[in-house]
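Asker: What follows is a single structure, and I will ask about it in a moment.
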Amino acid sequence: MADKRFLDAIHDTLHEEMARDPSTVLLGEDVGRKGGVFGVTDGLYEAFGEARVIDTPLAESCIVGVAIGMSVNGLRPIAEIQFADFIHPAFDQILSEAARMRYRSRNDFGCPMVIRTPYGGGVHGALYHSQSIEAFYAHIPGLKVVVPSTPADAKGLLRSAIRDHDPVLYLEHKKMYRSVRGEVPDGDFTVPIGPSAVRRPGRDLSIFAYGLMLQESLGAAELLAREGMEAEVVDVRTLRPLDTRTILESVARTTRALIVHEDNRFGGFGAEIAATIAEEGFRSLDAPPTRLGGPEVPAVPFSAPIEEWFMITADKIAAAARTLVAY
Amino acid sequence: MATDIKMPQLGESVHEGTIGKWLKRPGESVAKYEPLVEVITDKVNVEMPSPFAGVLKEILVKEGETVVVGTAIAVIEEAAGAPVAVRPSAAASPAASAPKSAARPASDGTASAARAPAVAGDGGRARPAGAPPARDRAVRLTPLVRRMAEEHQIPAQELESIPGTGDGGRITKDDVLRYLQARAAPSAGAAAASTRAPDQNAQAPAQATRAPTPAGLPPAAGDHLQRLTPIRRTIAERLAQSKREIPHAYGIIEVDLTALVRHREAHKAAWQARNGVNISLTAFIVRATARALRAFPMVNATFTPEGIVHKQAIHFGIGVAIPDGLIVPVIKHADQKSVVDLAKEVARLSTLARDGKLALEDVSGGTFTLTNPGVFGSIISIPIINYPQAAILATDAIVRRPVVVGEGIAIREMMNLGLAFDHRIFDGAVGVQFLTHIKRQLEEFAPAGDSPEF
């Protein structure tokens, strides 16, 4: 067990997995000599060489397309998209090829590959370096989407993603890289793709969140606890396949659901959780399933006060929780 | 314009109504406020006036049918509908200016930022705006509360009476839990205190409060089911609720009415001639009881989870037997009325009750109730409190009995006076003192001259 930053947990896991499995390959923009723009792949080029740590052109469709070709032919590529904001040119490769390969080939081929990408705002990254993109990709059958919320899960889920037989989109909140620390188990520790985790039990409402918002939700639960309100915080660390059982069990206990994400609400991932609760947990509800999400503006803004307005914080989550509990 | 006429809400606890008689036929015109239909509810019969002038187009609910409040019962073609205002087509100019504002993202952003604190304070728009008015809460139960009501067999009427602590008075899970706890507690206490077989105590409170199901009684040949009339259903629900929720305690004392009976016998013909009304014994008892209620305000009260509500006004209900049940007309401000006035009120309300002509206001607002099983010959009666009042007084038959008076035995006009009271509000000492207060007034009855007043 070691205390690590979120970023180090990912870095170390990449290193361990590449050392363990010679079929793993890293590719992306500046992942090699530079060691990644955030330093996540620092030293891997030196450790594993240019054949396994590949600097690619600025062409995301190409990065994913090449990874698909590698994976179909027996390698286990780990592709990095430098910022989630840049992933969209690869959307067609992900949706039409990677996610469908097993289905289209009647199980003859799969795409055992990981696409890692940093997402999210709050780092003054402005329009091209701050967006949340999970809703677009969680919609795709055949694609797994994970969003670790703690350093331990960053390790455990990345290992599971690399070892999975199908494509996994692995989202890293960039604000967490250096701001979130935590104990990370040593050795061959994995976290299965799928199950959510109750991070903090409570009886007054359930807060569902992932990534940075999970951290903020835990902060909100602390604020609420001072007022005598007990929030249960559920870490929805895998968006697809979604662990509806844990979600419904939590709502059955607390009778109220608040779903938090940084992405804007309309058509966001929270809608899927809310709809599941409404459809399958209706009779448990003492209040409407409620979503708290980013505002309906085209992008995370640059100006510091407006970015602050955009971001969901522990205070905003606590305010929404109070309103919900008073319903 | 054809408009639906709906079954009106004829009182806060009235949920359905029966069409008694249509006073208009389809095709007939009806003036505004002209009586349109007779509606029978569990409490009163009313003539419903037409809300507007027009022609009765169609009757949707036949005479004798019962429908819930809000159901369309008829269609009226309105006489002269005001022309619908046509909106000026001002759509052109905003549409034309839209692209301009879209081309100024900077100013939009600033505007949004300026609103930021408000949005955050609103819990980030976590809740749809516009809290429902409190009166809507009956139909705005959350799914969980609905489920709990089903599981614990809480009748709709009772569910409505649960005080809601949610937004806009909405009943929350915690409210129902509190209610269930309050409901279960008296039964559990009673079971524990009872001297019956031990297995009685083992009964779970939840089971104890469940309504008995007729499942164990298969119908035998010749049995038949008599459907509940609205009034029978109300009586059943109210009395069951009272017995379930209120821990009843009882006290009965003997009252020597000889002096009062003799005085009344001597003067009742004269009183009748003078006042045009029979001054019944009930009027004297109401007079004495109203005074006792002033002296013992906790008897004129209602128990709530928040505390005991002491009622300022004394609105005196009197149970009247009617063909298909029982109704309790209310004498308002009974403590401010003389015996003669009380006698007139009793006579007036009894007549209305027997004729089925009581208005809703005649039967609402009661704070205390008198029941008189004595008229049927009962000598010891254990009544059920008229929920949610604190107590009910029962007067039994007046019986000529040998009674020890001083060192001798005399024949006296004796009556038992019984009180059933909510033991949560006050205790036996108060209950019997209250009865004694009434007893003294009646026994020490000393009117001036031939007056009935005392």
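All residue names refer to the structure tokens as shown: chains lettered A, B, ... in order, residues numbered from 1 in each chain, ligands numbered from 1 in order.
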Need to verify the contact set: Asp42 (chain A), 9 Å, only C-alpha atoms, exclusion of same-chain residues closer than 5 positions in sequence. Can you return it as a list in words?

Answerer: His11, Val31, Gly32, Arg33, Lys34, Gly35 and Gly36 of chain A

Asker: Residues within 9 Å of Ala126 (chain A), please, as JSON, numbers by chain. Count only C-alpha atoms; anything in the same chain fewer than 6 positions from it doesn't count.

Answerer: {"A": [299, 300, 301, 302, 303, 307]}

Asker: With a distance threshold of 7 Å and counting only C-alpha atoms, extract the residues of chain A near chain B and express them as an mmCIF file with N, CA and C atoms, in the first residue's frame.

Answerer:
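What follows is the written file result37.cif:
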```
data_model
loop_
_atom_site.group_PDB
_atom_site.id
_atom_site.type_symbol
_atom_site.label_atom_id
_atom_site.label_comp_id
_atom_site.auth_asym_id
_atom_site.auth_seq_id
_atom_site.Cartn_x
_atom_site.Cartn_y
_atom_site.Cartn_z
ATOM 1 N N PHE A 282 -39.162 3.186 -8.790
ATOM 2 C CA PHE A 282 -40.211 4.195 -8.601
ATOM 3 C C PHE A 282 -40.836 4.130 -7.215
ATOM 4 N N ARG A 283 -41.129 2.905 -6.787
ATOM 5 C CA ARG A 283 -41.867 2.767 -5.532
ATOM 6 C C ARG A 283 -41.002 3.021 -4.298
ATOM 7 N N SER A 284 -39.706 3.244 -4.523
ATOM 8 C CA SER A 284 -38.835 3.573 -3.394
ATOM 9 C C SER A 284 -38.731 5.067 -3.186
ATOM 10 N N LEU A 285 -39.261 5.850 -4.112
ATOM 11 C CA LEU A 285 -38.917 7.272 -4.160
ATOM 12 C C LEU A 285 -39.808 8.141 -3.290
ATOM 13 N N ASP A 286 -39.165 8.945 -2.460
ATOM 14 C CA ASP A 286 -39.887 9.927 -1.677
ATOM 15 C C ASP A 286 -39.680 11.325 -2.248
ATOM 16 N N ALA A 287 -38.983 11.384 -3.375
ATOM 17 C CA ALA A 287 -38.738 12.656 -4.052
ATOM 18 C C ALA A 287 -38.310 12.321 -5.482
ATOM 19 N N THR A 290 -33.162 13.525 -9.098
ATOM 20 C CA THR A 290 -32.774 14.881 -9.466
ATOM 21 C C THR A 290 -31.338 14.908 -9.973
ATOM 22 N N ARG A 291 -31.120 15.693 -11.042
ATOM 23 C CA ARG A 291 -29.779 15.797 -11.608
ATOM 24 C C ARG A 291 -29.184 17.166 -11.324
ATOM 25 N N LEU A 292 -27.911 17.155 -11.007
ATOM 26 C CA LEU A 292 -27.172 18.407 -10.891
ATOM 27 C C LEU A 292 -26.037 18.303 -11.888
ATOM 28 N N ILE A 306 -16.147 32.878 -14.630
ATOM 29 C CA ILE A 306 -17.206 32.145 -15.330
ATOM 30 C C ILE A 306 -16.931 30.639 -15.263
ATOM 31 N N TRP A 309 -18.207 29.620 -12.045
ATOM 32 C CA TRP A 309 -19.670 29.496 -12.104
ATOM 33 C C TRP A 309 -20.075 28.174 -12.753
ATOM 34 N N LYS A 316 -22.306 23.541 -4.065
ATOM 35 C CA LYS A 316 -23.487 23.448 -4.947
ATOM 36 C C LYS A 316 -24.185 22.102 -4.762
ATOM 37 N N ALA A 319 -26.127 22.220 -1.567
ATOM 38 C CA ALA A 319 -27.353 23.027 -1.711
ATOM 39 C C ALA A 319 -28.455 22.210 -2.389
ATOM 40 N N ALA A 320 -28.062 21.492 -3.449
ATOM 41 C CA ALA A 320 -29.050 20.675 -4.161
ATOM 42 C C ALA A 320 -29.572 19.556 -3.262
ATOM 43 N N THR A 323 -32.196 20.905 -0.857
ATOM 44 C CA THR A 323 -33.477 21.111 -1.534
ATOM 45 C C THR A 323 -34.192 19.775 -1.730
ATOM 46 N N ALA A 326 -35.589 18.320 1.439
ATOM 47 C CA ALA A 326 -36.756 19.082 1.935
ATOM 48 C C ALA A 326 -38.002 18.838 1.095
ATOM 49 N N TYR A 327 -37.860 18.102 -0.009
ATOM 50 C CA TYR A 327 -38.973 17.953 -0.950
ATOM 51 C C TYR A 327 -40.234 17.470 -0.257
#
```

Asker: Residues of region 198-442 of chain B classed as strand (DSSP E or B) by DSSP on the backbone are to be reported as a ChimeraX atom specification.

Answerer: /B:248-256,301-304,307-310,316-318,320-322,325-327,330-331,368-371,389,391-395,399-405,408-422

Asker: Work out how far CA of Ile392 (chain B) is from CA of Phe368 (chain B), in Å to one decimal.

Answerer: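 Atom-to-atom, CA of Phe368 (chain B) to CA of Ile392 (chain B), that is 6.3 Å.
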
Asker: Need the shell around Tyr128 (chain A): protein/DNA/RNA residues with any atom at most 12 Å away, counting only C-alpha atoms. Skip same-chain ones fewer than 4 positions apart. Format as a list in words?

Answerer: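 Those residues are Gln82, Phe83, Ala84, Asp85, Phe86, Ile87, His88, Pro118, Tyr119, Gly120, Gly121, Val123, His124, Ser132, Ile133, Pro298, Ala299, Val300, Pro301 and Phe302 of chain A.
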
Asker: Restricting the output to N, CA, C and O atoms, write the selected residues as a PDB file, in the first residue's frame.

Answerer:
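Okay, this is what ended up in selection.pdb:
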```
ATOM      1  N   GLN A  82      -4.835  13.065 -26.322  1.00  0.00           N
ATOM      2  CA  GLN A  82      -4.183  14.026 -25.434  1.00  0.00           C
ATOM      3  C   GLN A  82      -5.162  14.790 -24.536  1.00  0.00           C
ATOM      4  O   GLN A  82      -4.905  15.001 -23.361  1.00  0.00           O
ATOM      5  N   PHE A  83      -6.273  15.215 -25.141  1.00  0.00           N
ATOM      6  CA  PHE A  83      -7.382  15.795 -24.386  1.00  0.00           C
ATOM      7  C   PHE A  83      -8.672  15.186 -24.920  1.00  0.00           C
ATOM      8  O   PHE A  83      -8.811  14.998 -26.133  1.00  0.00           O
ATOM      9  N   ALA A  84      -9.613  14.932 -24.028  1.00  0.00           N
ATOM     10  CA  ALA A  84     -10.875  14.343 -24.465  1.00  0.00           C
ATOM     11  C   ALA A  84     -11.544  15.231 -25.515  1.00  0.00           C
ATOM     12  O   ALA A  84     -12.285  14.750 -26.373  1.00  0.00           O
ATOM     13  N   ASP A  85     -11.276  16.526 -25.433  1.00  0.00           N
ATOM     14  CA  ASP A  85     -11.837  17.463 -26.406  1.00  0.00           C
ATOM     15  C   ASP A  85     -11.434  17.092 -27.840  1.00  0.00           C
ATOM     16  O   ASP A  85     -12.080  17.478 -28.800  1.00  0.00           O
ATOM     17  N   PHE A  86     -10.329  16.356 -27.977  1.00  0.00           N
ATOM     18  CA  PHE A  86      -9.814  16.033 -29.318  1.00  0.00           C
ATOM     19  C   PHE A  86     -10.282  14.673 -29.812  1.00  0.00           C
ATOM     20  O   PHE A  86      -9.892  14.219 -30.869  1.00  0.00           O
ATOM     21  N   ILE A  87     -11.073  13.975 -29.046  1.00  0.00           N
ATOM     22  CA  ILE A  87     -11.390  12.580 -29.375  1.00  0.00           C
ATOM     23  C   ILE A  87     -12.360  12.456 -30.550  1.00  0.00           C
ATOM     24  O   ILE A  87     -12.427  11.429 -31.221  1.00  0.00           O
ATOM     25  N   HIS A  88     -13.114  13.540 -30.787  1.00  0.00           N
ATOM     26  CA  HIS A  88     -14.223  13.403 -31.726  1.00  0.00           C
ATOM     27  C   HIS A  88     -13.838  12.999 -33.150  1.00  0.00           C
ATOM     28  O   HIS A  88     -14.604  12.285 -33.793  1.00  0.00           O
ATOM     29  N   PRO A 118      -7.689  12.410 -20.852  1.00  0.00           N
ATOM     30  CA  PRO A 118      -8.038  13.325 -19.767  1.00  0.00           C
ATOM     31  C   PRO A 118      -9.214  14.208 -20.155  1.00  0.00           C
ATOM     32  O   PRO A 118      -9.277  14.709 -21.275  1.00  0.00           O
ATOM     33  N   TYR A 119     -10.159  14.360 -19.225  1.00  0.00           N
ATOM     34  CA  TYR A 119     -11.346  15.169 -19.505  1.00  0.00           C
ATOM     35  C   TYR A 119     -11.553  16.140 -18.351  1.00  0.00           C
ATOM     36  O   TYR A 119     -10.876  16.081 -17.328  1.00  0.00           O
ATOM     37  N   GLY A 120     -12.514  17.021 -18.533  1.00  0.00           N
ATOM     38  CA  GLY A 120     -12.985  17.831 -17.415  1.00  0.00           C
ATOM     39  C   GLY A 120     -12.333  19.192 -17.277  1.00  0.00           C
ATOM     40  O   GLY A 120     -11.240  19.448 -17.803  1.00  0.00           O
ATOM     41  N   GLY A 121     -13.027  20.056 -16.545  1.00  0.00           N
ATOM     42  CA  GLY A 121     -12.597  21.444 -16.388  1.00  0.00           C
ATOM     43  C   GLY A 121     -12.068  21.735 -15.000  1.00  0.00           C
ATOM     44  O   GLY A 121     -11.727  20.834 -14.239  1.00  0.00           O
ATOM     45  N   VAL A 123      -9.417  23.609 -14.540  1.00  0.00           N
ATOM     46  CA  VAL A 123      -7.967  23.819 -14.565  1.00  0.00           C
ATOM     47  C   VAL A 123      -7.601  24.990 -15.468  1.00  0.00           C
ATOM     48  O   VAL A 123      -6.463  25.122 -15.883  1.00  0.00           O
ATOM     49  N   HIS A 124      -8.636  25.802 -15.763  1.00  0.00           N
ATOM     50  CA  HIS A 124      -8.379  26.974 -16.580  1.00  0.00           C
ATOM     51  C   HIS A 124      -7.950  26.568 -17.987  1.00  0.00           C
ATOM     52  O   HIS A 124      -7.110  27.200 -18.603  1.00  0.00           O
ATOM     53  N   SER A 132     -16.324  17.574 -20.933  1.00  0.00           N
ATOM     54  CA  SER A 132     -16.695  16.225 -20.508  1.00  0.00           C
ATOM     55  C   SER A 132     -17.392  15.557 -21.683  1.00  0.00           C
ATOM     56  O   SER A 132     -18.288  16.132 -22.282  1.00  0.00           O
ATOM     57  N   ILE A 133     -16.980  14.343 -22.017  1.00  0.00           N
ATOM     58  CA  ILE A 133     -17.453  13.732 -23.261  1.00  0.00           C
ATOM     59  C   ILE A 133     -18.128  12.387 -23.046  1.00  0.00           C
ATOM     60  O   ILE A 133     -18.503  11.701 -23.994  1.00  0.00           O
ATOM     61  N   PRO A 298     -22.231  26.203 -24.439  1.00  0.00           N
ATOM     62  CA  PRO A 298     -21.523  25.356 -25.405  1.00  0.00           C
ATOM     63  C   PRO A 298     -20.223  24.737 -24.902  1.00  0.00           C
ATOM     64  O   PRO A 298     -19.812  23.705 -25.398  1.00  0.00           O
ATOM     65  N   ALA A 299     -19.563  25.343 -23.948  1.00  0.00           N
ATOM     66  CA  ALA A 299     -18.292  24.770 -23.500  1.00  0.00           C
ATOM     67  C   ALA A 299     -17.927  25.340 -22.142  1.00  0.00           C
ATOM     68  O   ALA A 299     -18.498  26.332 -21.695  1.00  0.00           O
ATOM     69  N   VAL A 300     -16.940  24.707 -21.503  1.00  0.00           N
ATOM     70  CA  VAL A 300     -16.411  25.253 -20.249  1.00  0.00           C
ATOM     71  C   VAL A 300     -15.676  26.545 -20.600  1.00  0.00           C
ATOM     72  O   VAL A 300     -14.770  26.531 -21.439  1.00  0.00           O
ATOM     73  N   PRO A 301     -16.064  27.651 -19.991  1.00  0.00           N
ATOM     74  CA  PRO A 301     -15.485  28.949 -20.382  1.00  0.00           C
ATOM     75  C   PRO A 301     -14.067  29.161 -19.845  1.00  0.00           C
ATOM     76  O   PRO A 301     -13.617  28.458 -18.939  1.00  0.00           O
ATOM     77  N   PHE A 302     -13.385  30.150 -20.390  1.00  0.00           N
ATOM     78  CA  PHE A 302     -12.001  30.425 -20.017  1.00  0.00           C
ATOM     79  C   PHE A 302     -11.906  31.348 -18.806  1.00  0.00           C
ATOM     80  O   PHE A 302     -11.164  31.085 -17.877  1.00  0.00           O
TER      81      PHE A 302
END
```

Asker: Would you mind listing what lies within 12 Å of region 105-108 of chain A as a list in words, with only C-alpha atoms counted and same-chain residues fewer than 6 positions away left out?

Answerer: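 Near region 105-108 of chain A, the qualifying residues are Val72, Asn73, Glu97, Ala98, Ala99, His165 and Asp166 of chain A.
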
Asker: Restrict the selected residues to C-alpha atoms and save them as a short mmCIF file (atom, residue, chain, number, x, y, z; two decimals), in the first residue's frame.

Answerer:
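Listing of again27.cif after writing:
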```cif
data_model
loop_
_atom_site.label_atom_id
_atom_site.label_comp_id
_atom_site.auth_asym_id
_atom_site.auth_seq_id
_atom_site.Cartn_x
_atom_site.Cartn_y
_atom_site.Cartn_z
CA VAL A 72 -7.41 -7.28 -34.00
CA ASN A 73 -3.97 -8.68 -34.77
CA GLU A 97 -15.30 -0.19 -35.84
CA ALA A 98 -13.95 -0.79 -32.34
CA ALA A 99 -17.29 -1.15 -30.55
CA HIS A 165 -11.05 -8.41 -24.30
CA ASP A 166 -13.06 -5.50 -25.60
#
```

Asker: If we count only C-alpha atoms and set the cut-off at 9 Å, which residues sit around Arg401 (chain B), ignoring sequence neighbours fewer than 3 positions away in its own chain? Please answer as an MDAnalysis selection string.

Answerer: chainID B and resid 410:414

Asker: If we count only C-alpha atoms and set the cut-off at 7 Å, which residues sit around region 396-399 of chain B, ignoring sequence neighbours fewer than 6 positions away in its own chain? Please answer as a VMD selection string.

Answerer: chain B and resid 372 to 375 377 to 381 413 to 417

Asker: Which residues come within 7 Å of His267 (chain B), counting only C-alpha atoms, excluding same-chain residues fewer than 4 positions away, as a list in words?

Answerer: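 Listed by chain and then number, they are His263, Trp271 and Asp450 of chain B.
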
Asker: Given only C-alpha atoms as the basis, pick out the residue of B:Leu349, B:Val340, B:Val309, B:Ala156 nearest to Ala283 (chain B).

Answerer: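 Distance minimum relative to Ala283 (chain B) lands on B:Val340.
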
Asker: Which of region 33-202 of chain A counts as alpha helix (DSSP H) under DSSP, as a VMD selection string please?

Answerer: chain A and resid 44 to 48 60 to 72 91 to 92 101 to 104 134 to 138 151 to 163 176 to 179

Asker: Please report the interatomic distance between CA of Leu27 (chain A) and CA of Ala9 (chain A) in Å with one decimal.

Answerer: 18.9 Å

Asker: Have a look at B:Asp355, B:Asp362, B:Glu407, B:Asp4 and name the one nearest to Ile318 (chain B); count only C-alpha atoms.

Answerer: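 Smallest separation from Ile318 (chain B) among the options: B:Asp362.
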
Asker: Given only C-alpha atoms as the basis, pick out the residue of A:Arg240, A:Arg104, A:Arg52, A:Lys175 nearest to Lys144 (chain A).

Answerer: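 Looking at the shortest contact to Lys144 (chain A), the residue is A:Arg240.
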
Asker: Measure the distance from CA of Thr150 (chain A) to CA of Glu172 (chain A) in Å and round it to one decimal.

Answerer: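 CA of Glu172 (chain A) lies 10.2 Å from CA of Thr150 (chain A).
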